[in-house]
Structure formats: structure tokens, C-alpha cells
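*Asks:* The file below is start_35.cif, mmCIF, C-alpha atoms:
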data_upload
loop_
_atom_site.group_PDB
_atom_site.id
_atom_site.type_symbol
_atom_site.label_atom_id
_atom_site.label_comp_id
_atom_site.auth_asym_id
_atom_site.auth_seq_id
_atom_site.Cartn_x
_atom_site.Cartn_y
_atom_site.Cartn_z
ATOM 1 C CA MET P 112 10.321 -20.699 20.404
ATOM 2 C CA SER P 113 11.829 -17.237 20.432
ATOM 3 C CA TYR P 114 12.600 -15.215 23.518
ATOM 4 C CA ASN P 115 13.878 -11.857 22.419
ATOM 5 C CA HIS P 116 14.241 -8.280 23.563
ATOM 6 C CA TYR P 117 13.167 -7.175 20.104
ATOM 7 C CA ASN P 118 9.601 -6.426 19.077
ATOM 8 C CA TYR P 119 8.467 -8.783 16.304
ATOM 9 C CA GLU P 120 6.248 -6.126 14.714
ATOM 10 C CA ASN P 121 9.187 -3.824 13.969
ATOM 11 C CA LEU P 122 10.578 -4.778 10.555
ATOM 12 C CA TRP P 123 14.272 -4.738 11.495
ATOM 13 C CA HIS P 124 13.836 -6.137 15.001
ATOM 14 C CA GLY P 125 11.593 -8.938 13.771
ATOM 15 C CA LEU P 126 14.021 -9.822 11.001
ATOM 16 C CA CYS P 127 16.957 -9.927 13.434
ATOM 17 C CA ALA P 128 14.979 -12.269 15.690
ATOM 18 C CA MET P 129 14.034 -14.633 12.831
ATOM 19 C CA VAL P 130 17.498 -14.971 11.219
ATOM 20 C CA PRO P 131 18.739 -17.578 13.766
ATOM 21 C CA PHE P 132 15.711 -19.777 12.958
ATOM 22 C CA VAL P 133 16.484 -19.580 9.255
ATOM 23 C CA ALA P 134 20.129 -20.444 10.044
ATOM 24 C CA TRP P 135 18.985 -23.467 12.057
ATOM 25 C CA HIS P 136 16.706 -24.503 9.187
ATOM 26 C CA LYS P 137 19.599 -24.167 6.709
ATOM 27 C CA MET P 138 21.952 -26.090 9.016
ATOM 28 C CA ASN P 139 19.428 -28.977 8.950
ATOM 29 C CA ASN P 140 19.482 -29.045 5.134
ATOM 30 C CA CYS P 141 16.117 -27.263 5.027
ATOM 31 C CA SER P 142 14.424 -30.525 5.996
ATOM 32 C CA LYS P 143 12.702 -29.351 9.158
ATOM 33 C CA LEU P 144 9.844 -26.866 8.935
ATOM 34 C CA PRO P 145 8.311 -25.165 11.958
ATOM 35 C CA SER P 146 4.775 -26.318 12.679
ATOM 36 C CA ARG P 147 4.152 -23.585 15.269
ATOM 37 C CA TRP P 148 5.915 -20.486 16.537
ATOM 38 C CA VAL P 149 5.979 -19.316 20.152
ATOM 39 C CA LEU P 150 7.083 -15.694 20.461
ATOM 40 C CA TYR P 151 8.132 -13.946 23.664
ATOM 41 C CA HIS P 152 9.124 -10.323 24.041
ATOM 42 C CA TRP P 153 10.388 -9.218 27.437
ATOM 43 C CA GLY P 154 8.821 -12.314 29.031
ATOM 44 C CA GLU P 155 5.362 -11.830 27.521
ATOM 45 C CA LEU P 156 3.763 -13.884 24.787
ATOM 46 C CA ARG P 157 3.342 -12.138 21.435
ATOM 47 C CA PHE P 158 0.786 -13.311 18.935
ATOM 48 C CA LYS P 159 1.877 -11.697 15.710
ATOM 49 C CA MET P 160 4.809 -10.497 13.678
ATOM 50 C CA GLY P 161 4.881 -7.443 11.473
ATOM 51 C CA LEU P 162 3.346 -8.048 8.033
ATOM 52 C CA TRP P 163 6.688 -7.826 6.218
ATOM 53 C CA VAL P 164 8.460 -10.280 8.550
ATOM 54 C CA ASP P 165 5.421 -12.567 8.536
ATOM 55 C CA THR P 166 5.423 -12.614 4.713
ATOM 56 C CA LEU P 167 9.166 -13.284 4.588
ATOM 57 C CA MET P 168 8.727 -16.250 6.950
ATOM 58 C CA GLU P 169 5.851 -17.461 4.756
ATOM 59 C CA ALA P 170 8.175 -17.321 1.734
ATOM 60 C CA MET P 171 10.982 -18.961 3.690
ATOM 61 C CA PHE P 172 8.990 -21.860 5.106
ATOM 62 C CA ASN P 173 6.434 -22.420 2.299
ATOM 63 C CA GLY P 174 3.406 -21.301 4.260
ATOM 64 C CA PRO P 175 2.222 -18.687 6.730
ATOM 65 C CA PRO P 176 3.696 -19.006 10.222
ATOM 66 C CA ILE P 177 1.255 -20.387 12.774
ATOM 67 C CA ILE P 178 1.831 -18.492 15.989
ATOM 68 C CA GLU P 179 0.763 -20.420 19.063
ATOM 69 C CA LYS P 180 -1.825 -18.622 21.200
ATOM 70 C CA PHE P 181 -2.265 -21.444 23.724
ATOM 71 C CA ASP P 182 -6.049 -21.230 23.448
ATOM 72 C CA GLY P 183 -7.692 -23.810 25.676
ATOM 73 C CA VAL P 184 -4.561 -24.486 27.717
ATOM 74 C CA ASN P 185 -4.900 -24.547 31.497
ATOM 75 C CA GLU P 186 -2.795 -21.625 32.745
ATOM 76 C CA ASP P 187 -1.938 -23.422 35.983
ATOM 77 C CA GLY P 188 -0.532 -26.519 34.275
ATOM 78 C CA PRO P 189 2.617 -27.192 32.297
ATOM 79 C CA VAL P 190 2.790 -27.141 28.513
ATOM 80 C CA CYS P 191 4.947 -29.808 26.937
ATOM 81 C CA PHE P 192 6.643 -29.632 23.576
ATOM 82 C CA GLU P 193 7.619 -32.865 21.912
ATOM 83 C CA GLU P 194 10.264 -31.127 19.842
ATOM 84 C CA ALA P 195 11.260 -27.481 20.116
ATOM 85 C CA VAL P 196 13.963 -25.144 18.881
ATOM 86 C CA VAL P 197 14.587 -22.326 21.335
ATOM 87 C CA MET P 198 16.414 -19.126 20.380
ATOM 88 C CA ARG P 199 17.413 -16.552 22.959
ATOM 89 C CA HIS P 200 19.580 -14.402 20.734
ATOM 90 C CA ASN P 201 19.263 -12.503 17.504
ATOM 91 C CA GLU P 202 21.484 -12.411 14.446
ATOM 92 C CA GLY P 203 24.219 -10.642 16.433
ATOM 93 C CA GLY P 204 25.310 -14.007 17.819
ATOM 94 C CA MET P 205 26.162 -15.318 14.352
ATOM 95 C CA SER P 206 29.377 -15.021 12.359
ATOM 96 C CA ARG P 207 29.320 -12.572 9.469
ATOM 97 C CA GLU P 208 29.798 -15.403 6.960
ATOM 98 C CA ARG P 209 26.899 -17.436 8.322
ATOM 99 C CA ARG P 210 24.669 -14.362 8.503
ATOM 100 C CA MET P 211 25.410 -13.570 4.823
ATOM 101 C CA GLU P 212 24.565 -17.153 3.818
ATOM 102 C CA VAL P 213 21.240 -16.884 5.633
ATOM 103 C CA TYR P 214 20.391 -13.520 4.060
ATOM 104 C CA ASP P 215 21.251 -14.961 0.617
ATOM 105 C CA LEU P 216 18.866 -17.852 1.255
ATOM 106 C CA MET P 217 16.087 -15.500 2.404
ATOM 107 C CA ARG P 218 16.588 -13.282 -0.674
ATOM 108 C CA CYS P 219 16.387 -16.335 -2.909
ATOM 109 C CA LYS P 220 13.197 -17.589 -1.223
ATOM 110 C CA ALA P 221 11.629 -14.097 -1.351
ATOM 111 C CA ARG P 222 12.367 -13.822 -5.089
ATOM 112 C CA MET P 223 10.829 -17.252 -5.697
ATOM 113 C CA PHE P 224 7.779 -16.326 -3.609
ATOM 114 C CA CYS P 225 7.318 -13.095 -5.597
ATOM 115 C CA ASN P 226 8.264 -14.649 -8.945
ATOM 116 C CA VAL P 227 11.137 -12.195 -9.422
ATOM 117 C CA SER P 228 13.885 -13.272 -11.800
ATOM 118 C CA LEU P 229 17.470 -12.036 -11.789
ATOM 119 C CA LYS P 230 18.037 -12.743 -15.490
ATOM 120 C CA GLY P 231 19.532 -9.972 -17.607
ATOM 121 C CA SER P 232 16.239 -9.475 -19.436
ATOM 122 C CA ASP P 233 14.890 -7.788 -16.317
ATOM 123 C CA VAL P 234 17.516 -5.021 -16.456
ATOM 124 C CA GLU P 235 15.968 -1.805 -17.689
ATOM 125 C CA ILE P 236 17.807 -0.419 -20.750
ATOM 126 C CA ASN P 237 17.643 3.227 -21.831
ATOM 127 C CA ASP P 238 17.396 4.620 -25.412
ATOM 128 C CA ILE P 239 21.151 4.380 -26.042
ATOM 129 C CA GLY P 240 21.460 0.772 -24.856
ATOM 130 C CA SER P 241 22.948 1.439 -21.403
ATOM 131 C CA PRO P 242 21.525 -0.182 -18.282
ATOM 132 C CA MET P 243 19.490 2.165 -16.103
ATOM 133 C CA ILE P 244 20.481 2.826 -12.500
ATOM 134 C CA GLY P 245 17.485 2.578 -10.208
ATOM 135 C CA MET P 246 17.588 4.641 -7.026
ATOM 136 C CA THR P 247 14.719 4.169 -4.610
ATOM 137 C CA LEU P 248 14.705 6.341 -1.515
ATOM 138 C CA PHE P 249 12.718 4.673 1.273
ATOM 139 C CA PHE P 250 11.315 6.955 3.933
ATOM 140 C CA ARG P 251 10.148 5.987 7.380
ATOM 141 C CA THR P 252 7.018 7.220 9.051
ATOM 142 C CA GLY P 253 6.593 8.192 12.666
ATOM 143 C CA PRO P 254 8.901 9.842 15.183
ATOM 144 C CA ARG P 255 12.150 8.674 13.544
ATOM 145 C CA SER P 256 11.267 10.041 10.110
ATOM 146 C CA PHE P 257 12.702 13.167 8.492
ATOM 147 C CA LYS P 258 10.939 16.374 9.446
ATOM 148 C CA ASN P 259 10.836 17.441 5.817
ATOM 149 C CA ASP P 260 11.249 14.467 3.509
ATOM 150 C CA THR P 261 10.489 16.657 0.479
ATOM 151 C CA ILE P 262 13.810 18.488 0.898
ATOM 152 C CA VAL P 263 15.731 15.221 1.401
ATOM 153 C CA ALA P 264 14.107 13.714 -1.693
ATOM 154 C CA GLU P 265 14.946 16.780 -3.760
ATOM 155 C CA ILE P 266 18.658 16.478 -2.868
ATOM 156 C CA PHE P 267 18.740 12.869 -4.093
ATOM 157 C CA ARG P 268 16.611 13.685 -7.143
ATOM 158 C CA LYS P 269 19.108 16.398 -8.205
ATOM 159 C CA GLU P 270 22.062 14.039 -7.785
ATOM 160 C CA CYS P 271 20.330 11.319 -9.792
ATOM 161 C CA ALA P 272 19.514 13.826 -12.561
ATOM 162 C CA LYS P 273 23.248 14.437 -13.031
ATOM 163 C CA ILE P 274 23.555 10.896 -14.420
ATOM 164 C CA GLU P 275 21.698 10.266 -17.664
ATOM 165 C CA VAL P 276 20.917 6.626 -16.858
ATOM 166 C CA CYS P 277 19.551 7.244 -13.332
ATOM 167 C CA ARG P 278 15.900 6.550 -12.517
ATOM 168 C CA PHE P 279 14.739 7.957 -9.161
ATOM 169 C CA MET P 280 11.749 7.002 -7.041
ATOM 170 C CA VAL P 281 10.556 7.890 -3.553
ATOM 171 C CA ALA P 282 8.614 5.371 -1.500
ATOM 172 C CA HIS P 283 7.566 4.619 2.032
ATOM 173 C CA SER P 284 8.041 1.048 3.187
ATOM 174 C CA ASN P 285 4.431 1.006 4.362
ATOM 175 C CA ASN P 286 2.957 1.885 0.944
ATOM 176 C CA LEU P 287 4.608 -0.937 -1.022
ATOM 177 C CA THR P 288 3.707 -4.580 -0.872
ATOM 178 C CA PHE P 289 6.293 -7.154 0.136
ATOM 179 C CA CYS P 290 6.716 -8.276 -3.472
ATOM 180 C CA GLU P 291 7.033 -4.707 -4.752
ATOM 181 C CA GLN P 292 9.930 -4.243 -2.337
ATOM 182 C CA VAL P 293 11.523 -7.551 -3.403
ATOM 183 C CA ASN P 294 11.165 -6.524 -7.038
ATOM 184 C CA GLY P 295 13.061 -3.308 -6.297
ATOM 185 C CA TYR P 296 10.407 -0.686 -6.903
#
Here is a file; write its structure as C-alpha cells.
*Replies:*
Amino acid sequence: MSYNHYNYENLWHGLCAMVPFVAWHKMNNCSKLPSRWVLYHWGELRFKMGLWVDTLMEAMFNGPPIIEKFDGVNEDGPVCFEEAVVMRHNEGGMSRERRMEVYDLMRCKARMFCNVSLKGSDVEINDIGSPMIGMTLFFRTGPRSFKNDTIVAEIFRKECAKIEVCRFMVAHSNNLTFCEQVNGY
């Protein structure tokens, strides 16, 4: 059960709200899996997470999160939970060390989910045998995006071109799948 001031559909806000649950899961030796999720935002029930956060939780907990909608429940009566974990804070309440451990675990689970290996054979090598440097510039959409992302991209493209082993790509987080992002495209 999560009561948070963050919106679960926003990628960063949703991630910050889910990190304490992953920490709790890790603290319990990954033995307890959530059967249902109850999400509150500013005192109102929410019935979905953003696709990216939803997919990360699916990777983390070996199946898609089931978000409780309370269908068929009498609104005037109480709802009892036999066992519940309640979080009223986000990752900001955690120590830096614990937060890093949790992010490492989530990265590991995401790589397993997407079948992404970290072995040296996956490192791109150029013609002269040097490893390539991959630079992906992610742009946002909406009111907090750059007014002219073409100019911003060109600045980074020029800087990357100064280094022979640099490979540059522009992407928007909403035009890549979860696994494409995990793979580093």
C-alpha cells in the first residue's frame, strides 16, 4: 500500500515511490512478493502506474503488478488486509548506501527481464580495436522539453564527433521500449 505525493504515471515520481517497496523486498531476502498493490496519490486511489514503472515492477517481482481497484467492495464498510506493507515515503527516506543497493538490484532484474548481458562480448569495438563510446541523448516531450531540441542535439553531436570512438544517438524516452532503454540504445 503506497500513499505518496508523487504521481505513479510520471517515470521519475513512480520510480521514487516504488524504491522503498523494493528495499523492503530485499530486506526480506526477496522471499515475499506482493500479491496486490494499493496506490494512493494525494488521498485518492490510483489504478495504474506509468508503463515504464509498471514494466520495471514486473521485472522486479516476476509478474505484472496487480493494482487493487476494490471492485465489488461496499464503500460504506471497512476493507481488511490480512497482511500489508504500507509506505508513506519515497526513496528520500533511505540512506544513500541502501538506495544504491536497491538500484543495483533493480538494474540486475531489468537486465535479466530483457535478456541483456554485461559480458565483454557486448562491447562494441571499432575498426582499430578500441571500444566505442555510446552517447545517447534522451529528450523529454511536453512543457519541460527543450524549445529547439535540434540545436541541443547538434551541440552534443559535434562534441561526440571530436572523438573517433564516439557513437551518438538521439532518442525520446517515449519512443523506445523498456528493454531498448535497458539495453542502452
*Asks:* Between atom CA of Asn121 of chain P and atom CA of Trp163 of chain P, what is the distance in Å, rounded to a tenth?
*Replies:*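 Straight-line distance from atom CA of Asn121 of chain P to atom CA of Trp163 of chain P works out to 9.1 Å.
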*Asks:* Find, counting all atoms listed in the file, the residue in P:Gly253, P:Leu287, P:Asn118, P:Ala264 that gets nearest to Gly154 of chain P.
*Replies:*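 Closest candidate: P:Asn118.
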*Asks:* Using only C-alpha atoms, find the one residue out of P:Glu291, P:Glu186, P:Glu120, P:Glu194 that sits nearest to Arg147 of chain P.
*Replies:* P:Glu194
*Asks:* For a quick check of understanding, using all atoms listed in the file, which of P:Phe224, P:Tyr114, P:Trp148, P:Phe279 has the smallest distance to Glu265 of chain P?
*Replies:*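 Residue with the minimum atom-to-atom distance to Glu265 of chain P: P:Phe279.
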*Asks:* Of the candidates P:Lys220, P:Tyr117, P:Arg278, P:Leu156, which one gets nearest to Glu169 of chain P if we count all atoms listed in the file?
*Replies:*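 The shortest atom-to-atom distance to Glu169 of chain P comes from P:Lys220.
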